[in-house]
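Source file: work-v1.pdb (PDB, C-alpha atoms)
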ATOM      1  CA  MET A   1      26.759   9.913 -17.124
ATOM      2  CA  THR A   2      26.200   6.539 -18.766
ATOM      3  CA  PRO A   3      24.805   3.317 -17.277
ATOM      4  CA  GLU A   4      28.319   1.857 -17.289
ATOM      5  CA  ASN A   5      29.675   4.435 -14.848
ATOM      6  CA  ILE A   6      26.789   4.676 -12.393
ATOM      7  CA  ASN A   7      27.865   3.571  -8.950
ATOM      8  CA  PRO A   8      25.239   1.535  -7.019
ATOM      9  CA  SER A   9      25.865   3.767  -4.007
ATOM     10  CA  ASN A  10      24.463   6.681  -6.037
ATOM     11  CA  VAL A  11      21.054   5.027  -6.306
ATOM     12  CA  GLY A  12      18.397   6.596  -4.101
ATOM     13  CA  PHE A  13      17.820   5.067  -0.670
ATOM     14  CA  GLY A  14      14.284   4.110  -1.665
ATOM     15  CA  TYR A  15      15.575   1.531  -4.140
ATOM     16  CA  SER A  16      17.904  -0.122  -1.662
ATOM     17  CA  TYR A  17      15.189  -0.041   1.001
ATOM     18  CA  ILE A  18      12.513  -1.639  -1.180
ATOM     19  CA  LEU A  19      14.668  -4.148  -3.072
ATOM     20  CA  PRO A  20      14.405  -6.825  -0.323
ATOM     21  CA  VAL A  21      10.602  -6.439  -0.389
ATOM     22  CA  VAL A  22      10.483  -6.966  -4.154
ATOM     23  CA  VAL A  23      12.822  -9.966  -3.992
ATOM     24  CA  SER A  24      10.755 -11.469  -1.154
ATOM     25  CA  GLY A  25       7.635 -11.059  -3.276
ATOM     26  CA  LEU A  26       9.296 -12.670  -6.279
ATOM     27  CA  VAL A  27      10.502 -15.754  -4.386
ATOM     28  CA  ALA A  28       7.385 -16.196  -2.219
ATOM     29  CA  GLN A  29       5.289 -19.251  -2.943
ATOM     30  CA  SER A  30       1.609 -19.938  -2.460
ATOM     31  CA  GLY A  31       0.929 -20.394   1.243
ATOM     32  CA  ASP A  32       3.843 -18.193   2.344
ATOM     33  CA  ILE A  33       3.361 -15.139   4.563
ATOM     34  CA  LEU A  34       5.045 -11.815   3.808
ATOM     35  CA  ILE A  35       5.007  -9.050   6.445
ATOM     36  CA  ILE A  36       5.975  -5.544   5.315
ATOM     37  CA  GLU A  37       6.345  -2.532   7.582
ATOM     38  CA  ASN A  38       6.046   0.943   6.078
ATOM     39  CA  PRO A  39       6.761   0.061   2.449
ATOM     40  CA  GLU A  40       6.165   3.720   1.598
ATOM     41  CA  ALA A  41       9.339   4.837   3.379
ATOM     42  CA  HIS A  42      11.681   6.691   1.028
ATOM     43  CA  LEU A  43       9.385   6.171  -1.993
ATOM     44  CA  HIS A  44       7.533   8.812  -3.961
ATOM     45  CA  PRO A  45       3.769   8.307  -4.498
ATOM     46  CA  ARG A  46       4.038   6.655  -7.922
ATOM     47  CA  ALA A  47       6.548   4.108  -6.627
ATOM     48  CA  GLN A  48       4.291   3.418  -3.630
ATOM     49  CA  SER A  49       1.383   2.727  -5.944
ATOM     50  CA  ARG A  50       3.401   0.490  -8.267
ATOM     51  CA  LEU A  51       4.864  -1.473  -5.358
ATOM     52  CA  THR A  52       1.393  -2.014  -3.916
ATOM     53  CA  LYS A  53       0.036  -3.275  -7.226
ATOM     54  CA  PHE A  54       3.006  -5.668  -7.406
ATOM     55  CA  LEU A  55       2.238  -6.916  -3.883
ATOM     56  CA  ALA A  56      -1.450  -7.327  -4.785
ATOM     57  CA  LYS A  57      -0.372  -9.462  -7.742
ATOM     58  CA  VAL A  58       1.827 -11.544  -5.411
ATOM     59  CA  ALA A  59      -1.144 -11.937  -3.048
ATOM     60  CA  SER A  60      -3.345 -13.074  -5.938
ATOM     61  CA  CYS A  61      -0.904 -15.993  -6.336
ATOM     62  CA  GLY A  62      -1.704 -17.287  -2.848
ATOM     63  CA  VAL A  63       0.822 -15.406  -0.714
ATOM     64  CA  GLN A  64      -0.676 -13.881   2.433
ATOM     65  CA  ILE A  65       0.646 -10.332   2.821
ATOM     66  CA  PHE A  66       0.438  -8.069   5.860
ATOM     67  CA  ILE A  67       1.224  -4.396   5.208
ATOM     68  CA  GLU A  68       1.566  -1.853   8.012
ATOM     69  CA  THR A  69       1.325   1.609   6.485
ATOM     70  CA  HIS A  70       0.445   5.235   7.031
ATOM     71  CA  SER A  71       0.239   5.912   3.300
ATOM     72  CA  GLU A  72      -2.904   6.952   1.495
ATOM     73  CA  HIS A  73      -1.161   5.971  -1.755
ATOM     74  CA  ILE A  74      -0.787   2.377  -0.550
ATOM     75  CA  LEU A  75      -4.467   2.177   0.396
ATOM     76  CA  ASN A  76      -5.609   3.760  -2.866
ATOM     77  CA  ALA A  77      -3.431   1.376  -4.882
ATOM     78  CA  LEU A  78      -5.139  -1.543  -3.119
ATOM     79  CA  ARG A  79      -8.500  -0.052  -4.031
ATOM     80  CA  ILE A  80      -7.380   0.226  -7.661
ATOM     81  CA  ALA A  81      -6.058  -3.349  -7.576
ATOM     82  CA  VAL A  82      -9.587  -4.511  -6.747
ATOM     83  CA  ILE A  83     -11.057  -2.916  -9.871
ATOM     84  CA  GLU A  84      -8.231  -3.634 -12.349
ATOM     85  CA  ASP A  85      -8.723  -6.957 -14.113
ATOM     86  CA  ASP A  86      -5.028  -7.634 -14.710
ATOM     87  CA  ILE A  87      -4.261  -7.871 -10.975
ATOM     88  CA  ALA A  88      -7.025 -10.366 -10.152
ATOM     89  CA  ILE A  89      -7.468  -9.643  -6.459
ATOM     90  CA  SER A  90     -10.930  -9.553  -4.955
ATOM     91  CA  ASN A  91     -12.110  -7.106  -2.327
ATOM     92  CA  GLN A  92     -13.026 -10.236  -0.349
ATOM     93  CA  ASP A  93      -9.300 -11.062  -0.237
ATOM     94  CA  LEU A  94      -8.466  -7.748   1.471
ATOM     95  CA  SER A  95      -8.816  -6.774   5.084
ATOM     96  CA  VAL A  96      -8.027  -3.180   6.006
ATOM     97  CA  LEU A  97      -7.722  -2.556   9.729
ATOM     98  CA  TYR A  98      -7.470   0.930  11.222
ATOM     99  CA  PHE A  99      -5.819   0.738  14.642
ATOM    100  CA  HIS A 100      -6.761   3.160  17.412
ATOM    101  CA  ASP A 101      -7.281   3.217  21.156
ATOM    102  CA  LYS A 102     -10.950   3.793  21.849
ATOM    103  CA  GLU A 103     -13.465   2.491  24.357
ATOM    104  CA  ASP A 104     -15.120   0.204  21.813
ATOM    105  CA  GLY A 105     -11.896  -1.566  20.815
ATOM    106  CA  TYR A 106      -8.461  -1.194  19.333
ATOM    107  CA  PHE A 107      -9.204  -1.406  15.632
ATOM    108  CA  THR A 108     -11.913  -0.799  13.060
ATOM    109  CA  HIS A 109     -12.360  -2.997  10.000
ATOM    110  CA  ILE A 110     -12.591  -0.835   6.862
ATOM    111  CA  PRO A 111     -14.327  -2.806   4.099
ATOM    112  CA  ILE A 112     -13.320  -2.100   0.513
ATOM    113  CA  GLN A 113     -16.266  -2.521  -1.855
ATOM    114  CA  ALA A 114     -16.079  -4.477  -5.129
ATOM    115  CA  ASP A 115     -15.927  -1.137  -6.980
ATOM    116  CA  GLY A 116     -12.951   0.007  -4.865
ATOM    117  CA  LYS A 117     -14.964   2.455  -2.797
ATOM    118  CA  ILE A 118     -14.733   2.787   0.980
ATOM    119  CA  ASN A 119     -18.019   3.709   2.637
ATOM    120  CA  ILE A 120     -16.844   3.794   6.252
ATOM    121  CA  TRP A 121     -14.037   6.255   6.965
ATOM    122  CA  PRO A 122     -12.993   6.559  10.618
ATOM    123  CA  GLU A 123     -12.360  10.049  11.924
ATOM    124  CA  SER A 124      -8.880  11.280  10.922
ATOM    125  CA  PHE A 125      -8.434   8.384   8.506
ATOM    126  CA  PHE A 126      -6.569   9.888   5.548
ATOM    127  CA  ASP A 127      -8.483  13.158   5.608
ATOM    128  CA  GLN A 128      -5.547  15.505   6.196
ATOM    129  CA  ASN A 129      -5.030  16.122   2.476
ATOM    130  CA  GLU A 130      -8.622  17.315   2.134
ATOM    131  CA  LYS A 131      -8.273  19.593   5.166
ATOM    132  CA  ASP A 132      -5.036  21.055   3.799
ATOM    133  CA  LEU A 133      -6.591  21.672   0.371
ATOM    134  CA  ASP A 134      -9.545  23.444   2.000
ATOM    135  CA  ILE A 135      -7.105  25.847   3.664
ATOM    136  CA  ILE A 136      -5.054  26.346   0.490
ATOM    137  CA  LEU A 137      -8.176  26.954  -1.618
ATOM    138  CA  GLY A 138      -9.733  29.237   1.002
ATOM    139  CA  PHE A 139     -12.740  27.131   1.972
TER
END
Show me this structure written as structure tokens.
Amino acid sequence: MTPENINPSNVGFGYSYILPVVVSGLVAQSGDILIIENPEAHLHPRAQSRLTKFLAKVASCGVQIFIETHSEHILNALRIAVIEDDIAISNQDLSVLYFHDKEDGYFTHIPIQADGKINIWPESFFDQNEKDLDIILGF
């Protein structure tokens, strides 16, 4: 198969799903707002991370971006974006909110430190992987 005979309909659904997000990021101007729901859908972890770094770069140009996600890869890519110099986004520019339904409110603010670390992890906040590994490794 050569590039000349590849039909666009044979491209994975992830590409067609995420293309409008990428185009929106490319045409957004400083002061614009971009709202993205579940950008991780149909994307493998590396693509999730790369997309998030792209969106962080867009945000560093003055575009306000809201991302609703359940992906640990998205969150970790934001943490990496804080510590990588080429992206130029500050932890002060990020606000991570964990939504829940508890007596003390409906969300918890999760601060990302300047070194990308998160010191406050709500219960059941991206800890399933660790629990699964404990079972697999026999701990």
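Rounded to one decimal, atom CA of Phe107 of chain A and atom CA of Asp93 of chain A lie 18.6 Å from each other.
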What's around Leu78 of chain A at 10 Å? Count all atoms listed in the file, leave out sequence neighbours fewer than 4 positions away in its own chain, and write the answer as number ranges by chain. A: 49, 52-53, 55-56, 72-74, 82-84, 89, 91, 94, 96, 112, 116
Could the residues in this selection be written to a file with C-alpha atoms, as an mmCIF file, keeping the file's coordinate frame?
data_model
loop_
_atom_site.group_PDB
_atom_site.id
_atom_site.type_symbol
_atom_site.label_atom_id
_atom_site.label_comp_id
_atom_site.auth_asym_id
_atom_site.auth_seq_id
_atom_site.Cartn_x
_atom_site.Cartn_y
_atom_site.Cartn_z
ATOM 1 C CA SER A 49 1.383 2.727 -5.944
ATOM 2 C CA THR A 52 1.393 -2.014 -3.916
ATOM 3 C CA LYS A 53 0.036 -3.275 -7.226
ATOM 4 C CA LEU A 55 2.238 -6.916 -3.883
ATOM 5 C CA ALA A 56 -1.450 -7.327 -4.785
ATOM 6 C CA GLU A 72 -2.904 6.952 1.495
ATOM 7 C CA HIS A 73 -1.161 5.971 -1.755
ATOM 8 C CA ILE A 74 -0.787 2.377 -0.550
ATOM 9 C CA VAL A 82 -9.587 -4.511 -6.747
ATOM 10 C CA ILE A 83 -11.057 -2.916 -9.871
ATOM 11 C CA GLU A 84 -8.231 -3.634 -12.349
ATOM 12 C CA ILE A 89 -7.468 -9.643 -6.459
ATOM 13 C CA ASN A 91 -12.110 -7.106 -2.327
ATOM 14 C CA LEU A 94 -8.466 -7.748 1.471
ATOM 15 C CA VAL A 96 -8.027 -3.180 6.006
ATOM 16 C CA ILE A 112 -13.320 -2.100 0.513
ATOM 17 C CA GLY A 116 -12.951 0.007 -4.865
#
Kindly indicate which residue among A:Pro45, A:Pro111, A:Gly105, A:Gly62 lies nearest to Gly25 of chain A, using all atoms listed in the file for the distances.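 Among A:Pro45, A:Pro111, A:Gly105, A:Gly62, it is A:Gly62 that comes nearest to Gly25 of chain A.
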Selection: 10 Å around Phe126 of chain A, all atoms listed in the file, excl. self and same-chain fewer than 3 positions, as a ChimeraX atom specification: /A:70-73,75,121-123,129-131
Restricting the output to C-alpha atoms, write the selected residues as a PDB file, in the frame of the given file.
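The result, stored in part.pdb:
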ATOM      1  CA  HIS A  70       0.445   5.235   7.031  1.00  0.00           C
ATOM      2  CA  SER A  71       0.239   5.912   3.300  1.00  0.00           C
ATOM      3  CA  GLU A  72      -2.904   6.952   1.495  1.00  0.00           C
ATOM      4  CA  HIS A  73      -1.161   5.971  -1.755  1.00  0.00           C
ATOM      5  CA  LEU A  75      -4.467   2.177   0.396  1.00  0.00           C
ATOM      6  CA  TRP A 121     -14.037   6.255   6.965  1.00  0.00           C
ATOM      7  CA  PRO A 122     -12.993   6.559  10.618  1.00  0.00           C
ATOM      8  CA  GLU A 123     -12.360  10.049  11.924  1.00  0.00           C
ATOM      9  CA  ASN A 129      -5.030  16.122   2.476  1.00  0.00           C
ATOM     10  CA  GLU A 130      -8.622  17.315   2.134  1.00  0.00           C
ATOM     11  CA  LYS A 131      -8.273  19.593   5.166  1.00  0.00           C
TER      12      LYS A 131
END
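Residue nearest Asn38 of chain A, chosen from A:Gln92, A:Ser16, A:Thr69, A:Ser60 and counting only C-alpha atoms: A:Thr69.
Non-sequential neighbours of segment 33-37 of chain A (distance at most 7 Å, separation of 6 or more positions within a chain, only C-alpha atoms) are Val63, Gln64, Ile65, Phe66, Ile67, Glu68 and Thr69 of chain A.
The two atoms in question, atom CA of Ala41 of chain A and atom CA of Val23 of chain A, are spaced 16.9 Å apart.
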Interatomic distance, atom CA of Arg50 of chain A to atom CA of Gly12 of chain A (Å, one decimal):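 Calculated distance between atom CA of Arg50 of chain A and atom CA of Gly12 of chain A is 16.7 Å.
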Segment 2-125 of chain A dumped to file, C-alpha atoms, as an mmCIF file, in the first residue's frame:
data_model
loop_
_atom_site.group_PDB
_atom_site.id
_atom_site.type_symbol
_atom_site.label_atom_id
_atom_site.label_comp_id
_atom_site.auth_asym_id
_atom_site.auth_seq_id
_atom_site.Cartn_x
_atom_site.Cartn_y
_atom_site.Cartn_z
ATOM 1 C CA THR A 2 1.374 3.405 -0.956
ATOM 2 C CA PRO A 3 0.299 6.872 0.217
ATOM 3 C CA GLU A 4 -1.328 7.452 -3.173
ATOM 4 C CA ASN A 5 -3.840 4.633 -2.738
ATOM 5 C CA ILE A 6 -4.801 5.094 0.906
ATOM 6 C CA ASN A 7 -8.467 5.922 1.229
ATOM 7 C CA PRO A 8 -9.297 8.531 3.926
ATOM 8 C CA SER A 9 -12.047 6.224 5.174
ATOM 9 C CA ASN A 10 -9.331 3.721 6.142
ATOM 10 C CA VAL A 11 -7.810 6.138 8.647
ATOM 11 C CA GLY A 12 -8.509 5.255 12.268
ATOM 12 C CA PHE A 13 -11.507 6.888 13.938
ATOM 13 C CA GLY A 14 -9.209 8.657 16.388
ATOM 14 C CA TYR A 15 -7.789 10.847 13.624
ATOM 15 C CA SER A 16 -11.175 11.905 12.313
ATOM 16 C CA TYR A 17 -12.412 12.481 15.863
ATOM 17 C CA ILE A 18 -9.476 14.664 16.905
ATOM 18 C CA LEU A 19 -8.941 16.581 13.656
ATOM 19 C CA PRO A 20 -11.574 19.252 14.507
ATOM 20 C CA VAL A 21 -9.863 19.784 17.884
ATOM 21 C CA VAL A 22 -6.478 20.312 16.233
ATOM 22 C CA VAL A 23 -7.919 22.668 13.613
ATOM 23 C CA SER A 24 -9.748 24.630 16.331
ATOM 24 C CA GLY A 25 -6.474 24.969 18.221
ATOM 25 C CA LEU A 26 -4.638 26.128 15.113
ATOM 26 C CA VAL A 27 -7.165 28.841 14.219
ATOM 27 C CA ALA A 28 -7.838 30.021 17.791
ATOM 28 C CA GLN A 29 -6.607 33.485 18.648
ATOM 29 C CA SER A 30 -5.550 35.030 21.926
ATOM 30 C CA GLY A 31 -8.641 35.647 24.035
ATOM 31 C CA ASP A 32 -10.645 32.819 22.444
ATOM 32 C CA ILE A 33 -12.128 29.974 24.493
ATOM 33 C CA LEU A 34 -11.827 26.342 23.409
ATOM 34 C CA ILE A 35 -13.905 23.674 25.188
ATOM 35 C CA ILE A 36 -12.943 20.035 24.606
ATOM 36 C CA GLU A 37 -14.835 17.029 25.922
ATOM 37 C CA ASN A 38 -13.004 13.720 26.277
ATOM 38 C CA PRO A 39 -10.130 14.395 23.880
ATOM 39 C CA GLU A 40 -8.742 10.981 24.819
ATOM 40 C CA ALA A 41 -11.577 9.146 23.063
ATOM 41 C CA HIS A 42 -10.268 6.779 20.393
ATOM 42 C CA LEU A 43 -6.628 7.822 20.969
ATOM 43 C CA HIS A 44 -3.804 5.692 22.299
ATOM 44 C CA PRO A 45 -1.775 7.078 25.245
ATOM 45 C CA ARG A 46 1.025 8.608 23.161
ATOM 46 C CA ALA A 47 -1.463 10.487 20.982
ATOM 47 C CA GLN A 48 -3.273 11.704 24.112
ATOM 48 C CA SER A 49 -0.026 13.061 25.495
ATOM 49 C CA ARG A 50 0.981 14.745 22.236
ATOM 50 C CA LEU A 51 -2.456 16.312 21.802
ATOM 51 C CA THR A 52 -2.336 17.669 25.348
ATOM 52 C CA LYS A 53 1.091 19.207 24.817
ATOM 53 C CA PHE A 54 -0.248 20.822 21.628
ATOM 54 C CA LEU A 55 -3.219 22.229 23.566
ATOM 55 C CA ALA A 56 -0.885 23.504 26.305
ATOM 56 C CA LYS A 57 1.102 25.311 23.614
ATOM 57 C CA VAL A 58 -2.138 26.817 22.260
ATOM 58 C CA ALA A 59 -3.045 27.914 25.801
ATOM 59 C CA SER A 60 0.375 29.534 26.218
ATOM 60 C CA CYS A 61 -0.598 31.785 23.283
ATOM 61 C CA GLY A 62 -3.529 33.244 25.223
ATOM 62 C CA VAL A 63 -6.329 30.822 24.353
ATOM 63 C CA GLN A 64 -8.372 29.707 27.363
ATOM 64 C CA ILE A 65 -8.923 25.947 27.142
ATOM 65 C CA PHE A 66 -11.341 23.808 29.137
ATOM 66 C CA ILE A 67 -10.716 20.052 28.959
ATOM 67 C CA GLU A 68 -13.127 17.509 30.431
ATOM 68 C CA THR A 69 -11.301 14.200 30.723
ATOM 69 C CA HIS A 70 -11.052 10.890 32.512
ATOM 70 C CA SER A 71 -7.539 10.270 31.212
ATOM 71 C CA GLU A 72 -4.476 10.003 33.395
ATOM 72 C CA HIS A 73 -2.390 10.530 30.244
ATOM 73 C CA ILE A 74 -3.996 13.935 29.667
ATOM 74 C CA LEU A 75 -3.308 15.009 33.251
ATOM 75 C CA ASN A 76 0.273 13.733 33.169
ATOM 76 C CA ALA A 77 0.922 15.524 29.872
ATOM 77 C CA LEU A 78 -0.235 18.771 31.503
ATOM 78 C CA ARG A 79 2.162 18.121 34.364
ATOM 79 C CA ILE A 80 4.982 17.573 31.863
ATOM 80 C CA ALA A 81 3.983 20.730 29.973
ATOM 81 C CA VAL A 82 4.617 22.702 33.168
ATOM 82 C CA ILE A 83 8.212 21.494 33.434
ATOM 83 C CA GLU A 84 9.172 21.510 29.729
ATOM 84 C CA ASP A 85 10.631 24.848 28.673
ATOM 85 C CA ASP A 86 9.533 24.624 25.039
ATOM 86 C CA ILE A 87 5.823 24.684 25.946
ATOM 87 C CA ALA A 88 6.002 27.767 28.181
ATOM 88 C CA ILE A 89 2.939 27.183 30.334
ATOM 89 C CA SER A 90 3.062 27.924 34.034
ATOM 90 C CA ASN A 91 1.445 25.837 36.739
ATOM 91 C CA GLN A 92 -0.262 29.102 37.726
ATOM 92 C CA ASP A 93 -2.027 29.017 34.341
ATOM 93 C CA LEU A 94 -3.582 25.605 35.073
ATOM 94 C CA SER A 95 -6.587 24.754 37.164
ATOM 95 C CA VAL A 96 -7.388 21.078 37.652
ATOM 96 C CA LEU A 97 -10.805 20.410 39.143
ATOM 97 C CA TYR A 98 -11.903 16.970 40.326
ATOM 98 C CA PHE A 99 -15.700 16.773 40.333
ATOM 99 C CA HIS A 100 -17.549 14.655 42.887
ATOM 100 C CA ASP A 101 -20.692 14.735 44.985
ATOM 101 C CA LYS A 102 -19.701 15.052 48.617
ATOM 102 C CA GLU A 103 -21.023 16.923 51.627
ATOM 103 C CA ASP A 104 -18.263 19.531 51.470
ATOM 104 C CA GLY A 105 -18.911 20.479 47.837
ATOM 105 C CA TYR A 106 -18.997 19.294 44.270
ATOM 106 C CA PHE A 107 -15.372 19.666 43.259
ATOM 107 C CA THR A 108 -11.847 19.713 44.636
ATOM 108 C CA HIS A 109 -9.126 21.945 43.219
ATOM 109 C CA ILE A 110 -5.986 19.890 42.518
ATOM 110 C CA PRO A 111 -2.962 22.210 42.405
ATOM 111 C CA ILE A 112 -0.090 21.274 40.114
ATOM 112 C CA GLN A 113 3.247 22.376 41.565
ATOM 113 C CA ALA A 114 5.916 24.221 39.553
ATOM 114 C CA ASP A 115 7.856 20.936 39.333
ATOM 115 C CA GLY A 116 4.806 19.122 37.902
ATOM 116 C CA LYS A 117 4.046 17.231 41.091
ATOM 117 C CA ILE A 118 0.583 16.865 42.608
ATOM 118 C CA ASN A 119 0.578 16.758 46.399
ATOM 119 C CA ILE A 120 -3.165 16.407 46.967
ATOM 120 C CA TRP A 121 -4.747 13.350 45.357
ATOM 121 C CA PRO A 122 -8.447 12.818 46.103
ATOM 122 C CA GLU A 123 -9.538 9.281 46.872
ATOM 123 C CA SER A 124 -9.987 7.254 43.661
ATOM 124 C CA PHE A 125 -8.295 9.951 41.592
#
